[in-house]
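Visitor: Below is a structure I'd like to ask you about.
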Amino acid sequence: MANREALRELQTRLASRLQAARTEGVPVAWLAVRTRGMGFLFPLAQAGEIFALANLQHVPYAQPWFRGVINIRGGLFGVVDLATFVVAGQAAGALPPSAPQASVVTLNSAMEVNCALQVDSLVGLRGADAFISSQGAQMGAPAYFGNRLMDASAESWQEINLRALAQTPQFLNICA
């Protein structure tokens, strides 16, 4: 119960910061998340809502990165373990374990894809001013990789284009 209240409080703080940023003209571009030691940036226009990962129903014969389905406000959403999907060429055991109190971030409903990405922690909202350097996606990187940004504490953040991610054939094919 305390975890639900903490998540609700975080959602409220993020919503109020986003509203303040809109009214004050502060450019906020991304939702920053961490999963399995990796930092990712989701464009706010493409990200949806944040929920605690609860009542996950596993799906047999699915890819290892497809965790299952959950009911969110009466809708059925597929849950993708983002870290495992991104490093799909490696065995899932090569990654550190997932956080016990994981969250999911849904894709924006305008994309018409009932999908939620499992992440270990929500870091908060980030604007371009939070980063000291940026470089384009590396050669051979997936089509959904955007820029790689570095913050003042030398942490690396990978931008993920959620619209491009949702349209990749690998992402759409959950069959093992």
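Here, A, B, ... name the chains of the structure tokens in the order displayed, residue numbers run from 1 inside each chain, and ligands are numbered from 1 in the same displayed order.
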Determine, counting only C-alpha atoms, which protein, DNA and RNA residues have an atom within 8 Å of an atom of segment 162-167 of chain A; residues of the same chain fewer than 5 positions away are not included. Present the result as a ChimeraX atom specification.
Guide: /A:42-43,46-47,107,111,113,143-144,172
Visitor: Save out the residues we just selected, N, CA and C atoms, as a compact mmCIF listing (two decimals), in the first residue's frame.
Guide:
```txt
# COMPACT_ATOMS: atom_id res chain seq x y z
N PHE A 42 12.49 9.07 -22.68
CA PHE A 42 11.30 8.92 -23.51
C PHE A 42 10.77 10.31 -23.83
N PRO A 43 10.57 10.65 -25.10
CA PRO A 43 9.96 11.94 -25.43
C PRO A 43 8.59 12.05 -24.77
N GLN A 46 5.42 11.27 -26.60
CA GLN A 46 5.18 9.89 -26.98
C GLN A 46 4.91 8.98 -25.79
N ALA A 47 5.24 9.45 -24.58
CA ALA A 47 5.02 8.66 -23.37
C ALA A 47 3.60 8.87 -22.87
N LEU A 107 2.70 3.71 -23.66
CA LEU A 107 2.92 4.56 -24.82
C LEU A 107 1.71 5.49 -24.92
N MET A 111 -0.82 6.86 -30.21
CA MET A 111 -0.11 5.90 -31.05
C MET A 111 -0.93 4.64 -31.30
N VAL A 113 -1.27 1.91 -29.62
CA VAL A 113 -0.58 0.66 -29.32
C VAL A 113 -0.70 0.44 -27.82
N ALA A 143 16.77 1.48 -35.19
CA ALA A 143 16.12 2.66 -35.77
C ALA A 143 15.44 3.53 -34.71
N TYR A 144 15.06 2.95 -33.59
CA TYR A 144 14.37 3.70 -32.54
C TYR A 144 15.33 4.42 -31.59
N LEU A 172 6.91 -5.80 -32.70
CA LEU A 172 5.54 -6.24 -32.97
C LEU A 172 5.40 -7.75 -32.98
```
Visitor: Write out as a Markdown table the residues of segment 52-117 of chain A that have any atom within 12 Å of an atom of segment 4-9 of chain A, one row each with the nearest atom pair and its distance in Å to one decimal, counting only C-alpha atoms, sorted by chain and then rising number.
Guide:
```
| residue | atom | partner | partner_atom | distance |
| --- | --- | --- | --- | --- |
| A:Ala52 | CA | A:Leu7 | CA | 7.1 |
| A:Leu53 | CA | A:Arg4 | CA | 10.3 |
| A:Ala54 | CA | A:Arg4 | CA | 10.3 |
| A:Gln101 | CA | A:Arg4 | CA | 10.1 |
| A:Ala102 | CA | A:Leu7 | CA | 10.6 |
| A:Ser103 | CA | A:Leu7 | CA | 8.7 |
| A:Val104 | CA | A:Leu7 | CA | 11.1 |
```
Visitor: From a backbone DSSP assignment, name each residue in chain A labelled strand (DSSP E), as a PyMOL selection string.
Guide: chain A and resi 30-35+38-43+47-52+66-72+75-81+103-107+115-119+121-126+131-135+145-151+156-160
Visitor: Rank A:Gln11, A:Ser121, A:Gln63, A:Ser133 by their smallest atom-to-atom distance to Ser153 of chain A, using only C-alpha atoms, and report the top residue only.
Guide: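 Among A:Gln11, A:Ser121, A:Gln63, A:Ser133, it is A:Ser133 that comes nearest to Ser153 of chain A.
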Visitor: How would you write, as a list of chain:residue names, the set of residues in segment 100-166 of chain A that DSSP gives as alpha helix (DSSP H)?
Guide: A:Leu162, A:Arg163, A:Ala164, A:Leu165, A:Ala166
Visitor: Taking only C-alpha atoms into account, which of A:Phe171, A:Trp157, A:Phe40, A:Trp30 comes nearest Ala88 of chain A?
Guide: A:Phe171
